[in-house]
file work_27.txt (compact mmCIF, C-alpha atoms (C1' of nucleotides))
# COMPACT_ATOMS: atom_id res chain seq x y z
CA MET A 30 -54.03 39.99 38.94
CA ALA A 31 -54.41 36.70 37.12
CA GLU A 32 -50.97 35.61 38.32
CA ASP A 33 -50.99 32.01 37.32
CA ARG A 34 -47.78 30.20 38.05
CA LEU A 35 -46.49 30.11 34.47
CA SER A 36 -46.96 33.86 34.07
CA VAL A 37 -44.99 34.51 37.23
CA ILE A 38 -42.17 32.28 36.00
CA PHE A 39 -41.97 33.82 32.53
CA ALA A 40 -42.19 37.33 33.96
CA ALA A 41 -39.31 36.53 36.29
CA LEU A 42 -37.24 35.36 33.32
CA ALA A 43 -38.08 38.45 31.26
CA ASP A 44 -35.41 40.57 32.92
CA PRO A 45 -31.74 40.32 31.91
CA THR A 46 -30.49 41.12 35.40
CA ARG A 47 -32.52 38.27 36.85
CA ARG A 48 -31.31 35.88 34.16
CA GLY A 49 -27.78 37.00 34.97
CA ILE A 50 -28.38 36.21 38.62
CA LEU A 51 -29.62 32.73 37.73
CA ALA A 52 -26.57 32.18 35.54
CA ARG A 53 -24.33 33.12 38.43
CA LEU A 54 -26.21 30.82 40.80
CA ALA A 55 -25.74 27.94 38.39
CA GLU A 56 -22.09 28.07 39.43
CA GLY A 57 -22.93 27.88 43.10
CA ASP A 58 -24.73 29.63 45.93
CA ALA A 59 -23.98 33.29 46.54
CA THR A 60 -24.80 36.15 48.87
CA VAL A 61 -26.70 39.27 47.85
CA SER A 62 -23.54 41.34 47.63
CA GLU A 63 -21.80 38.73 45.54
CA LEU A 64 -24.76 38.59 43.19
CA ALA A 65 -24.88 42.37 42.94
CA GLU A 66 -21.21 42.74 42.12
CA PRO A 67 -21.39 42.35 38.30
CA PHE A 68 -24.29 44.79 37.93
CA ALA A 69 -24.28 48.58 37.92
CA ILE A 70 -27.39 48.87 40.05
CA SER A 71 -27.98 49.42 43.74
CA LEU A 72 -28.22 46.71 46.37
CA PRO A 73 -31.92 47.36 47.05
CA ALA A 74 -32.61 46.78 43.37
CA ILE A 75 -30.86 43.42 43.56
CA SER A 76 -32.78 42.61 46.71
CA ARG A 77 -36.03 43.15 44.84
CA HIS A 78 -34.90 40.99 41.91
CA LEU A 79 -34.15 38.21 44.38
CA LYS A 80 -37.61 38.56 45.84
CA VAL A 81 -39.12 38.18 42.37
CA LEU A 82 -37.01 35.10 41.69
CA GLU A 83 -37.95 33.64 45.05
CA HIS A 84 -41.63 34.32 44.42
CA ALA A 85 -41.35 32.49 41.12
CA GLY A 86 -39.73 29.58 42.94
CA LEU A 87 -36.54 29.94 40.92
CA ILE A 88 -34.35 30.38 43.98
CA THR A 89 -34.49 29.43 47.62
CA ARG A 90 -32.82 31.44 50.33
CA SER A 91 -31.20 30.72 53.63
CA ARG A 92 -29.72 32.96 56.24
CA SER A 93 -26.48 32.52 58.07
CA ALA A 94 -25.43 35.35 60.35
CA GLN A 95 -26.04 38.55 58.45
CA TRP A 96 -25.57 36.90 55.09
CA ARG A 97 -28.41 35.61 52.99
CA SER A 98 -27.42 32.92 50.60
CA SER A 99 -29.42 32.17 47.46
CA SER A 100 -29.42 28.87 45.65
CA LEU A 101 -30.87 27.91 42.30
CA ASN A 102 -34.10 25.94 42.18
CA PRO A 103 -34.59 24.85 38.58
CA GLU A 104 -38.01 23.25 39.06
CA PRO A 105 -39.89 26.20 37.48
CA LEU A 106 -37.64 25.96 34.43
CA ARG A 107 -38.86 22.43 34.01
CA GLU A 108 -42.43 23.70 34.08
CA ALA A 109 -41.69 26.42 31.56
CA THR A 110 -39.97 24.05 29.16
CA ALA A 111 -42.79 21.55 29.64
CA TRP A 112 -45.18 24.19 28.38
CA MET A 113 -42.96 24.97 25.40
CA GLU A 114 -42.56 21.32 24.54
CA ARG A 115 -46.13 21.37 23.33
CA TYR A 116 -44.89 23.44 20.40
CA ARG A 117 -41.72 21.55 19.84
CA GLN A 118 -43.20 19.54 16.99
CA PHE A 119 -43.47 22.81 15.09
CA TRP A 120 -39.82 23.67 15.21
CA ASP A 121 -38.13 20.32 15.36
CA ALA A 122 -39.09 17.98 12.57
CA ASN A 123 -37.14 15.15 14.12
CA PHE A 124 -38.75 15.59 17.49
CA ASP A 125 -41.40 12.93 17.30
CA ARG A 126 -39.07 10.18 16.21
CA LEU A 127 -36.27 11.20 18.55
CA ASP A 128 -38.64 11.65 21.43
CA ALA A 129 -40.02 8.18 20.89
CA HIS A 130 -36.50 6.82 20.89
CA LEU A 131 -35.70 8.77 24.03
CA ARG A 132 -38.69 7.32 25.82
CA ARG A 133 -37.70 3.81 24.80
CA ILE A 134 -34.19 4.30 26.14
CA GLN A 135 -35.51 5.82 29.32
CA ALA A 136 -37.98 3.00 29.90
CA GLN A 137 -35.24 0.47 29.29
CA THR A 138 -32.90 2.29 31.64
CA GLU A 139 -35.55 2.33 34.35
CA ARG A 140 -36.07 -1.39 33.97
CA ASN A 141 -32.35 -2.10 34.25
CA GLU A 142 -31.68 0.35 37.09
CA PRO A 143 -34.75 0.47 39.29
CA MET B 23 -35.07 49.93 27.63
CA ALA B 24 -32.59 47.09 27.53
CA GLU B 25 -34.93 45.05 25.34
CA ASP B 26 -32.71 42.21 24.41
CA ARG B 27 -34.41 39.57 22.32
CA LEU B 28 -34.78 36.99 25.07
CA SER B 29 -36.44 39.50 27.38
CA VAL B 30 -38.95 40.40 24.70
CA ILE B 31 -39.75 36.73 24.13
CA PHE B 32 -40.18 35.87 27.80
CA ALA B 33 -42.23 39.01 28.40
CA ALA B 34 -44.52 38.03 25.54
CA LEU B 35 -45.01 34.61 27.10
CA ALA B 36 -45.73 36.07 30.53
CA ASP B 37 -49.37 36.77 29.73
CA PRO B 38 -52.01 34.02 29.83
CA THR B 39 -54.08 35.58 27.05
CA ARG B 40 -51.07 35.60 24.75
CA ARG B 41 -50.21 32.01 25.62
CA GLY B 42 -53.83 31.15 24.89
CA ILE B 43 -53.54 32.79 21.50
CA LEU B 44 -50.41 30.78 20.73
CA ALA B 45 -52.19 27.59 21.78
CA ARG B 46 -55.02 28.40 19.42
CA LEU B 47 -52.62 29.15 16.57
CA ALA B 48 -50.96 25.79 17.10
CA GLU B 49 -54.14 24.32 15.67
CA GLY B 50 -54.01 26.52 12.60
CA ASP B 51 -54.02 30.10 11.38
CA ALA B 52 -56.80 32.38 12.56
CA THR B 53 -58.14 35.90 12.15
CA VAL B 54 -58.20 38.49 14.91
CA SER B 55 -61.89 37.94 15.58
CA GLU B 56 -61.45 34.20 15.75
CA LEU B 57 -58.59 34.61 18.18
CA ALA B 58 -60.60 37.02 20.30
CA GLU B 59 -63.63 34.78 20.57
CA PRO B 60 -62.61 32.69 23.62
CA PHE B 61 -61.58 35.74 25.66
CA ALA B 62 -63.73 38.20 27.57
CA ILE B 63 -61.75 41.22 26.45
CA SER B 64 -62.22 43.77 23.71
CA LEU B 65 -60.93 43.47 20.16
CA PRO B 66 -58.45 46.33 20.55
CA ALA B 67 -56.94 44.49 23.50
CA ILE B 68 -56.47 41.39 21.35
CA SER B 69 -55.03 43.53 18.60
CA ARG B 70 -52.40 44.78 21.02
CA HIS B 71 -51.56 41.29 22.22
CA LEU B 72 -51.01 40.28 18.63
CA LYS B 73 -48.68 43.20 18.15
CA VAL B 74 -46.66 42.08 21.17
CA LEU B 75 -46.49 38.51 19.83
CA GLU B 76 -45.48 39.78 16.43
CA HIS B 77 -42.80 42.00 17.91
CA ALA B 78 -41.42 38.97 19.76
CA GLY B 79 -41.40 37.08 16.46
CA LEU B 80 -43.81 34.48 17.81
CA ILE B 81 -46.34 35.08 15.07
CA THR B 82 -46.32 36.35 11.52
CA ARG B 83 -49.26 38.07 9.93
CA SER B 84 -50.74 38.34 6.49
CA ARG B 85 -53.65 40.26 5.11
CA SER B 86 -56.30 39.01 2.75
CA ALA B 87 -59.10 41.44 2.01
CA GLN B 88 -60.18 42.88 5.34
CA TRP B 89 -59.04 39.86 7.30
CA ARG B 90 -55.66 39.63 8.96
CA SER B 91 -54.51 36.12 9.52
CA SER B 92 -51.95 35.20 12.14
CA SER B 93 -49.76 32.14 12.04
CA LEU B 94 -47.49 30.64 14.64
CA ASN B 95 -43.75 31.12 14.32
CA PRO B 96 -42.11 28.87 16.90
CA GLU B 97 -38.54 30.01 16.28
CA PRO B 98 -38.40 32.21 19.42
CA LEU B 99 -39.57 29.26 21.50
CA ARG B 100 -36.52 27.43 20.30
CA GLU B 101 -34.35 30.32 21.49
CA ALA B 102 -36.07 30.40 24.87
CA THR B 103 -35.71 26.68 25.42
CA ALA B 104 -32.10 26.86 24.26
CA TRP B 105 -31.45 29.31 27.06
CA MET B 106 -33.18 27.08 29.59
CA GLU B 107 -31.31 24.01 28.41
CA ARG B 108 -28.23 25.44 30.07
CA TYR B 109 -29.89 24.64 33.37
CA ARG B 110 -31.30 21.30 32.37
CA GLN B 111 -28.51 19.38 34.01
CA PHE B 112 -29.75 20.75 37.32
CA TRP B 113 -33.24 19.35 37.03
CA ASP B 114 -32.71 16.25 34.95
CA ALA B 115 -30.12 13.92 36.35
CA ASN B 116 -30.36 11.66 33.33
CA PHE B 117 -29.94 14.51 30.89
CA ASP B 118 -26.26 14.17 30.14
CA ARG B 119 -26.41 10.48 29.39
CA LEU B 120 -29.63 10.70 27.44
CA ASP B 121 -28.43 13.69 25.50
CA ALA B 122 -25.30 11.86 24.53
CA HIS B 123 -27.38 8.96 23.36
CA LEU B 124 -29.66 11.30 21.46
CA ARG B 125 -26.75 12.84 19.65
CA ARG B 126 -25.41 9.45 18.72
CA ILE B 127 -28.76 8.43 17.28
CA GLN B 128 -29.06 11.70 15.43
CA ALA B 129 -25.61 11.44 13.92
CA GLN B 130 -26.31 7.88 12.84
CA THR B 131 -29.64 8.91 11.36
CA GLU B 132 -28.01 11.71 9.39
CA ARG B 133 -25.45 9.32 7.99
CA ASN B 134 -28.15 6.88 6.91
CA GLU B 135 -30.55 9.48 5.54
CA PRO B 136 -28.54 12.34 4.15
C1' DC C 11 -23.14 48.51 74.62
C1' DC C 12 -21.47 50.28 70.31
C1' DT C 13 -20.24 49.97 65.89
C1' DA C 14 -19.43 47.87 61.44
C1' DT C 15 -21.38 44.95 57.90
C1' DG C 16 -25.02 42.83 55.13
C1' DT C 17 -29.53 43.20 53.71
C1' DT C 18 -34.22 44.80 53.60
C1' DT C 19 -38.01 48.26 53.81
C1' DA C 20 -39.95 52.83 52.87
C1' DA C 21 -40.99 56.44 49.91
C1' DC C 22 -40.74 58.31 45.75
C1' DG C 23 -40.46 59.07 40.24
C1' DC C 24 -41.00 57.53 35.89
C1' DA C 25 -41.97 54.29 32.25
C1' DT C 26 -44.49 50.48 30.58
C1' DC C 27 -48.43 47.24 30.55
C1' DC C 28 -53.17 46.15 30.15
C1' DG C 29 -57.67 47.27 29.81
C1' DT C 30 -61.48 50.40 28.28
C1' DT C 31 -64.48 53.28 24.69
C1' DA C 32 -64.63 56.16 20.67
C1' DA C 33 -62.91 57.27 16.31
C1' DT C 34 -60.51 55.88 12.09
C1' DT C 35 -58.85 53.06 8.31
C1' DA C 36 -59.42 49.34 4.83
C1' DA C 37 -61.82 46.53 1.80
C1' DC C 38 -65.94 44.09 0.24
C1' DG C 39 -70.24 44.06 -1.97
C1' DA C 40 -75.32 45.49 -3.00
C1' DT D 30 -71.58 55.41 -3.63
C1' DC D 31 -72.98 53.84 0.71
C1' DG D 32 -73.28 50.72 4.29
C1' DT D 33 -71.22 46.68 6.56
C1' DT D 34 -67.56 44.10 8.40
C1' DA D 35 -62.71 43.60 10.14
C1' DA D 36 -59.20 45.55 12.41
C1' DT D 37 -56.32 49.28 14.10
C1' DT D 38 -55.22 53.73 16.26
C1' DA D 39 -56.14 57.39 19.67
C1' DA D 40 -56.85 58.85 24.18
C1' DC D 41 -57.34 57.85 28.65
C1' DG D 42 -56.89 55.51 33.61
C1' DG D 43 -55.14 52.46 36.86
C1' DA D 44 -51.76 48.92 38.18
C1' DT D 45 -47.25 47.18 38.04
C1' DG D 46 -42.16 47.23 37.22
C1' DC D 47 -37.71 48.98 37.94
C1' DG D 48 -34.67 52.22 39.50
C1' DT D 49 -33.12 55.60 43.06
C1' DT D 50 -31.73 57.38 48.07
C1' DA D 51 -32.49 57.31 52.95
C1' DA D 52 -33.78 54.85 56.89
C1' DA D 53 -34.37 50.61 59.46
C1' DC D 54 -33.21 46.00 60.85
C1' DA D 55 -30.17 41.93 62.08
C1' DT D 56 -26.10 39.99 63.54
C1' DA D 57 -21.12 39.62 64.66
C1' DG D 58 -17.70 41.03 67.53
C1' DG D 59 -14.56 44.30 70.07

call {"tool": "encode", "arguments": {"input": "work_27.txt", "output": "structure tokens"}}
result
Amino acid sequence: MAEDRLSVIFAALADPTRRGILARLAEGDATVSELAEPFAISLPAISRHLKVLEHAGLITRSRSAQWRSSSLNPEPLREATAWMERYRQFWDANFDRLDAHLRRIQAQTERNEP
Amino acid sequence: MAEDRLSVIFAALADPTRRGILARLAEGDATVSELAEPFAISLPAISRHLKVLEHAGLITRSRSAQWRSSSLNPEPLREATAWMERYRQFWDANFDRLDAHLRRIQAQTERNEP
DNA sequence: CCTATGTTTAACGCATCCGTTAATTAACGA
DNA sequence: TCGTTAATTAACGGATGCGTTAAACATAGG
């Protein structure tokens, strides 16, 4: 009932079928039936998983005739990783130095290619 | 019942109280009571959250007298981000180039400071 | 229109999650 | 030894998650 955005995103990622769906969508848009094909579960079950992913903002959907196409929307993954980055210093000793370097490069790049 | 490791990790992160506990532990080890203090829920509830975090490998625990201290173990966060990195190219256009640069720097650094 | 195809909704069962309060365990210390 | 403090386990209730099958809906197309 809290249902903050980050919780919804992580909960959506906490199911292997949904992660499998995202992996498939990384290769291109797909219909519900196409997404269901690799899994040994019913179509309604897949339909629900898609609704969860959509609610988390991880996919967007469009309809064309009787087909509903899903496409990956990675924005929430950026949010999730952004949250985890706060802990990165704990598991990557080189992070601070490399990150600083990265920022320098990025800033330079932005100056050269505005 | 699948309970692959990644699912357990993401599920553990899908609760705001547990993320709050991790945030607190990022500032240093703490006892159960200390961890419970900011939250308006009972001690047994916190105790369960800690068990979930421990099961996900996100914390390790030690006992000293009647106090049980928890400490952050960020390794699973690394795994989770590693999974998400597969999608990074979708949300960070500069990723490929910057990553290449990063690797070059890293390799150079390792040569210079073995 | 009628039917075939793709997808969703409805209704249900079962397991797990998250919280509670009460009881129990563990260890310290007067 | 007895009481206090720290934490966990037990037992329960309600909500949510994930699966099923059957029914409904939407659209193309003869």

call {"tool": "closest_residue", "arguments": {"input": "work_27.txt", "among": "A:Gln118, A:Thr110, A:Ser100, A:Ser71", "to": "chain B", "atoms": "only C-alpha atoms"}}
result
A:Thr110

call {"tool": "interface_residues", "arguments": {"input": "work_27.txt", "of": "chain A", "to": "chain C", "cutoff": "9 Å", "atoms": "all atoms listed in the file", "output": "MDAnalysis selection string"}}
result
chainID A and resid 61:62 72:73 76 95:97

call {"tool": "interface_residues", "arguments": {"input": "work_27.txt", "of": "chain A", "to": "chain D", "cutoff": "12 Å", "atoms": "only C-alpha atoms (C1' of nucleotides)", "output": "PDB file with C-alpha atoms, in the coordinates of the input"}}
result
ATOM      1  CA  MET A  30     -54.030  39.990  38.940  1.00  0.00           C
ATOM      2  CA  ALA A  40     -42.190  37.330  33.960  1.00  0.00           C
ATOM      3  CA  ALA A  41     -39.310  36.530  36.290  1.00  0.00           C
ATOM      4  CA  ALA A  43     -38.080  38.450  31.260  1.00  0.00           C
ATOM      5  CA  ASP A  44     -35.410  40.570  32.920  1.00  0.00           C
ATOM      6  CA  THR A  46     -30.490  41.120  35.400  1.00  0.00           C
ATOM      7  CA  ARG A  47     -32.520  38.270  36.850  1.00  0.00           C
ATOM      8  CA  ALA A  69     -24.280  48.580  37.920  1.00  0.00           C
ATOM      9  CA  ILE A  70     -27.390  48.870  40.050  1.00  0.00           C
ATOM     10  CA  SER A  71     -27.980  49.420  43.740  1.00  0.00           C
ATOM     11  CA  LEU A  72     -28.220  46.710  46.370  1.00  0.00           C
ATOM     12  CA  PRO A  73     -31.920  47.360  47.050  1.00  0.00           C
ATOM     13  CA  ALA A  74     -32.610  46.780  43.370  1.00  0.00           C
ATOM     14  CA  ILE A  75     -30.860  43.420  43.560  1.00  0.00           C
ATOM     15  CA  SER A  76     -32.780  42.610  46.710  1.00  0.00           C
ATOM     16  CA  ARG A  77     -36.030  43.150  44.840  1.00  0.00           C
ATOM     17  CA  HIS A  78     -34.900  40.990  41.910  1.00  0.00           C
ATOM     18  CA  VAL A  81     -39.120  38.180  42.370  1.00  0.00           C
ATOM     19  CA  ARG A  92     -29.720  32.960  56.240  1.00  0.00           C
ATOM     20  CA  SER A  93     -26.480  32.520  58.070  1.00  0.00           C
ATOM     21  CA  ALA A  94     -25.430  35.350  60.350  1.00  0.00           C
ATOM     22  CA  GLN A  95     -26.040  38.550  58.450  1.00  0.00           C
ATOM     23  CA  TRP A  96     -25.570  36.900  55.090  1.00  0.00           C
ATOM     24  CA  ARG A  97     -28.410  35.610  52.990  1.00  0.00           C
TER      25      ARG A  97
END

call {"tool": "interface_residues", "arguments": {"input": "work_27.txt", "of": "chain A", "to": "chain B", "cutoff": "7 Å", "atoms": "all atoms listed in the file", "output": "list of chain:residue names"}}
result
A:Ser36, A:Val37, A:Phe39, A:Ala40, A:Leu42, A:Ala43, A:Asp44, A:Pro45, A:Pro103, A:Glu104, A:Leu106, A:Thr110, A:Met113, A:Phe119, A:Trp120

call {"tool": "atom_distance", "arguments": {"input": "work_27.txt", "atom1": "atom CA of A:Thr89", "atom2": "atom CA of B:Glu101"}}
result
26.1 Å

call {"tool": "residues_around", "arguments": {"input": "work_27.txt", "residues": "B:Ala52", "least_positions_apart": "3", "cutoff": "6 Å", "atoms": "only C-alpha atoms (C1' of nucleotides)", "output": "JSON, numbers by chain"}}
result
{"B": [56, 91, 92]}

call {"tool": "axis_aligned_box", "arguments": {"input": "work_27.txt", "around": "stretch 24-30 of chain C", "padding_each_side": "5 Å", "output": "lines of an AutoDock Vina configuration file"}}
result
center_x = -51.2
center_y = 51.8
center_z = 32.1
size_x = 30.5
size_y = 21.4
size_z = 17.6

call {"tool": "build_atoms", "arguments": {"input": "work_27.txt", "residues": "stretch 40-69 of chain B", "atoms": "N, CA and C atoms", "output": "PDB file, in the frame of the given file"}}
result
ATOM      1  N   ARG B  40     -51.971  35.818  25.880  1.00  0.00           N
ATOM      2  CA  ARG B  40     -51.070  35.600  24.750  1.00  0.00           C
ATOM      3  C   ARG B  40     -50.704  34.128  24.607  1.00  0.00           C
ATOM      4  N   ARG B  41     -50.489  33.444  25.723  1.00  0.00           N
ATOM      5  CA  ARG B  41     -50.210  32.010  25.620  1.00  0.00           C
ATOM      6  C   ARG B  41     -51.423  31.275  25.061  1.00  0.00           C
ATOM      7  N   GLY B  42     -52.612  31.748  25.441  1.00  0.00           N
ATOM      8  CA  GLY B  42     -53.830  31.150  24.890  1.00  0.00           C
ATOM      9  C   GLY B  42     -53.917  31.347  23.389  1.00  0.00           C
ATOM     10  N   ILE B  43     -53.536  32.515  22.939  1.00  0.00           N
ATOM     11  CA  ILE B  43     -53.540  32.790  21.500  1.00  0.00           C
ATOM     12  C   ILE B  43     -52.567  31.865  20.776  1.00  0.00           C
ATOM     13  N   LEU B  44     -51.392  31.682  21.344  1.00  0.00           N
ATOM     14  CA  LEU B  44     -50.410  30.780  20.730  1.00  0.00           C
ATOM     15  C   LEU B  44     -50.965  29.355  20.677  1.00  0.00           C
ATOM     16  N   ALA B  45     -51.617  28.947  21.748  1.00  0.00           N
ATOM     17  CA  ALA B  45     -52.190  27.590  21.780  1.00  0.00           C
ATOM     18  C   ALA B  45     -53.218  27.424  20.668  1.00  0.00           C
ATOM     19  N   ARG B  46     -54.023  28.459  20.486  1.00  0.00           N
ATOM     20  CA  ARG B  46     -55.020  28.400  19.420  1.00  0.00           C
ATOM     21  C   ARG B  46     -54.351  28.334  18.051  1.00  0.00           C
ATOM     22  N   LEU B  47     -53.303  29.105  17.868  1.00  0.00           N
ATOM     23  CA  LEU B  47     -52.620  29.150  16.570  1.00  0.00           C
ATOM     24  C   LEU B  47     -51.881  27.842  16.271  1.00  0.00           C
ATOM     25  N   ALA B  48     -51.607  27.087  17.312  1.00  0.00           N
ATOM     26  CA  ALA B  48     -50.960  25.790  17.100  1.00  0.00           C
ATOM     27  C   ALA B  48     -51.895  24.846  16.343  1.00  0.00           C
ATOM     28  N   GLU B  49     -53.170  25.155  16.387  1.00  0.00           N
ATOM     29  CA  GLU B  49     -54.140  24.320  15.670  1.00  0.00           C
ATOM     30  C   GLU B  49     -54.422  24.842  14.264  1.00  0.00           C
ATOM     31  N   GLY B  50     -53.818  25.974  13.927  1.00  0.00           N
ATOM     32  CA  GLY B  50     -54.010  26.520  12.600  1.00  0.00           C
ATOM     33  C   GLY B  50     -54.147  28.023  12.622  1.00  0.00           C
ATOM     34  N   ASP B  51     -53.927  28.646  11.476  1.00  0.00           N
ATOM     35  CA  ASP B  51     -54.020  30.100  11.380  1.00  0.00           C
ATOM     36  C   ASP B  51     -55.421  30.580  11.748  1.00  0.00           C
ATOM     37  N   ALA B  52     -55.506  31.842  12.158  1.00  0.00           N
ATOM     38  CA  ALA B  52     -56.800  32.380  12.560  1.00  0.00           C
ATOM     39  C   ALA B  52     -56.802  33.893  12.408  1.00  0.00           C
ATOM     40  N   THR B  53     -57.987  34.446  12.246  1.00  0.00           N
ATOM     41  CA  THR B  53     -58.140  35.900  12.150  1.00  0.00           C
ATOM     42  C   THR B  53     -58.204  36.492  13.553  1.00  0.00           C
ATOM     43  N   VAL B  54     -58.151  37.800  13.619  1.00  0.00           N
ATOM     44  CA  VAL B  54     -58.200  38.490  14.910  1.00  0.00           C
ATOM     45  C   VAL B  54     -59.493  38.166  15.648  1.00  0.00           C
ATOM     46  N   SER B  55     -60.594  38.214  14.945  1.00  0.00           N
ATOM     47  CA  SER B  55     -61.890  37.940  15.580  1.00  0.00           C
ATOM     48  C   SER B  55     -61.966  36.509  16.100  1.00  0.00           C
ATOM     49  N   GLU B  56     -61.458  35.594  15.302  1.00  0.00           N
ATOM     50  CA  GLU B  56     -61.450  34.200  15.750  1.00  0.00           C
ATOM     51  C   GLU B  56     -60.604  34.029  17.005  1.00  0.00           C
ATOM     52  N   LEU B  57     -59.477  34.715  17.016  1.00  0.00           N
ATOM     53  CA  LEU B  57     -58.590  34.610  18.180  1.00  0.00           C
ATOM     54  C   LEU B  57     -59.218  35.245  19.413  1.00  0.00           C
ATOM     55  N   ALA B  58     -59.992  36.291  19.181  1.00  0.00           N
ATOM     56  CA  ALA B  58     -60.600  37.020  20.300  1.00  0.00           C
ATOM     57  C   ALA B  58     -61.738  36.248  20.944  1.00  0.00           C
ATOM     58  N   GLU B  59     -62.385  35.425  20.152  1.00  0.00           N
ATOM     59  CA  GLU B  59     -63.630  34.780  20.570  1.00  0.00           C
ATOM     60  C   GLU B  59     -63.591  34.140  21.967  1.00  0.00           C
ATOM     61  N   PRO B  60     -62.560  33.349  22.312  1.00  0.00           N
ATOM     62  CA  PRO B  60     -62.610  32.690  23.620  1.00  0.00           C
ATOM     63  C   PRO B  60     -62.396  33.618  24.814  1.00  0.00           C
ATOM     64  N   PHE B  61     -61.980  34.860  24.560  1.00  0.00           N
ATOM     65  CA  PHE B  61     -61.580  35.740  25.660  1.00  0.00           C
ATOM     66  C   PHE B  61     -62.617  36.826  25.918  1.00  0.00           C
ATOM     67  N   ALA B  62     -62.739  37.194  27.171  1.00  0.00           N
ATOM     68  CA  ALA B  62     -63.730  38.200  27.570  1.00  0.00           C
ATOM     69  C   ALA B  62     -63.134  39.591  27.566  1.00  0.00           C
ATOM     70  N   ILE B  63     -62.325  39.882  26.545  1.00  0.00           N
ATOM     71  CA  ILE B  63     -61.750  41.220  26.450  1.00  0.00           C
ATOM     72  C   ILE B  63     -62.025  41.779  25.065  1.00  0.00           C
ATOM     73  N   SER B  64     -61.852  43.071  24.940  1.00  0.00           N
ATOM     74  CA  SER B  64     -62.220  43.770  23.710  1.00  0.00           C
ATOM     75  C   SER B  64     -61.276  43.427  22.549  1.00  0.00           C
ATOM     76  N   LEU B  65     -61.738  43.717  21.351  1.00  0.00           N
ATOM     77  CA  LEU B  65     -60.930  43.470  20.160  1.00  0.00           C
ATOM     78  C   LEU B  65     -59.651  44.302  20.138  1.00  0.00           C
ATOM     79  N   PRO B  66     -59.705  45.563  20.507  1.00  0.00           N
ATOM     80  CA  PRO B  66     -58.450  46.330  20.550  1.00  0.00           C
ATOM     81  C   PRO B  66     -57.416  45.706  21.479  1.00  0.00           C
ATOM     82  N   ALA B  67     -57.881  45.134  22.570  1.00  0.00           N
ATOM     83  CA  ALA B  67     -56.940  44.490  23.500  1.00  0.00           C
ATOM     84  C   ALA B  67     -56.259  43.305  22.818  1.00  0.00           C
ATOM     85  N   ILE B  68     -57.048  42.517  22.099  1.00  0.00           N
ATOM     86  CA  ILE B  68     -56.470  41.390  21.350  1.00  0.00           C
ATOM     87  C   ILE B  68     -55.486  41.890  20.303  1.00  0.00           C
ATOM     88  N   SER B  69     -55.883  42.943  19.643  1.00  0.00           N
ATOM     89  CA  SER B  69     -55.030  43.530  18.600  1.00  0.00           C
ATOM     90  C   SER B  69     -53.657  43.891  19.172  1.00  0.00           C
TER      91      SER B  69
END
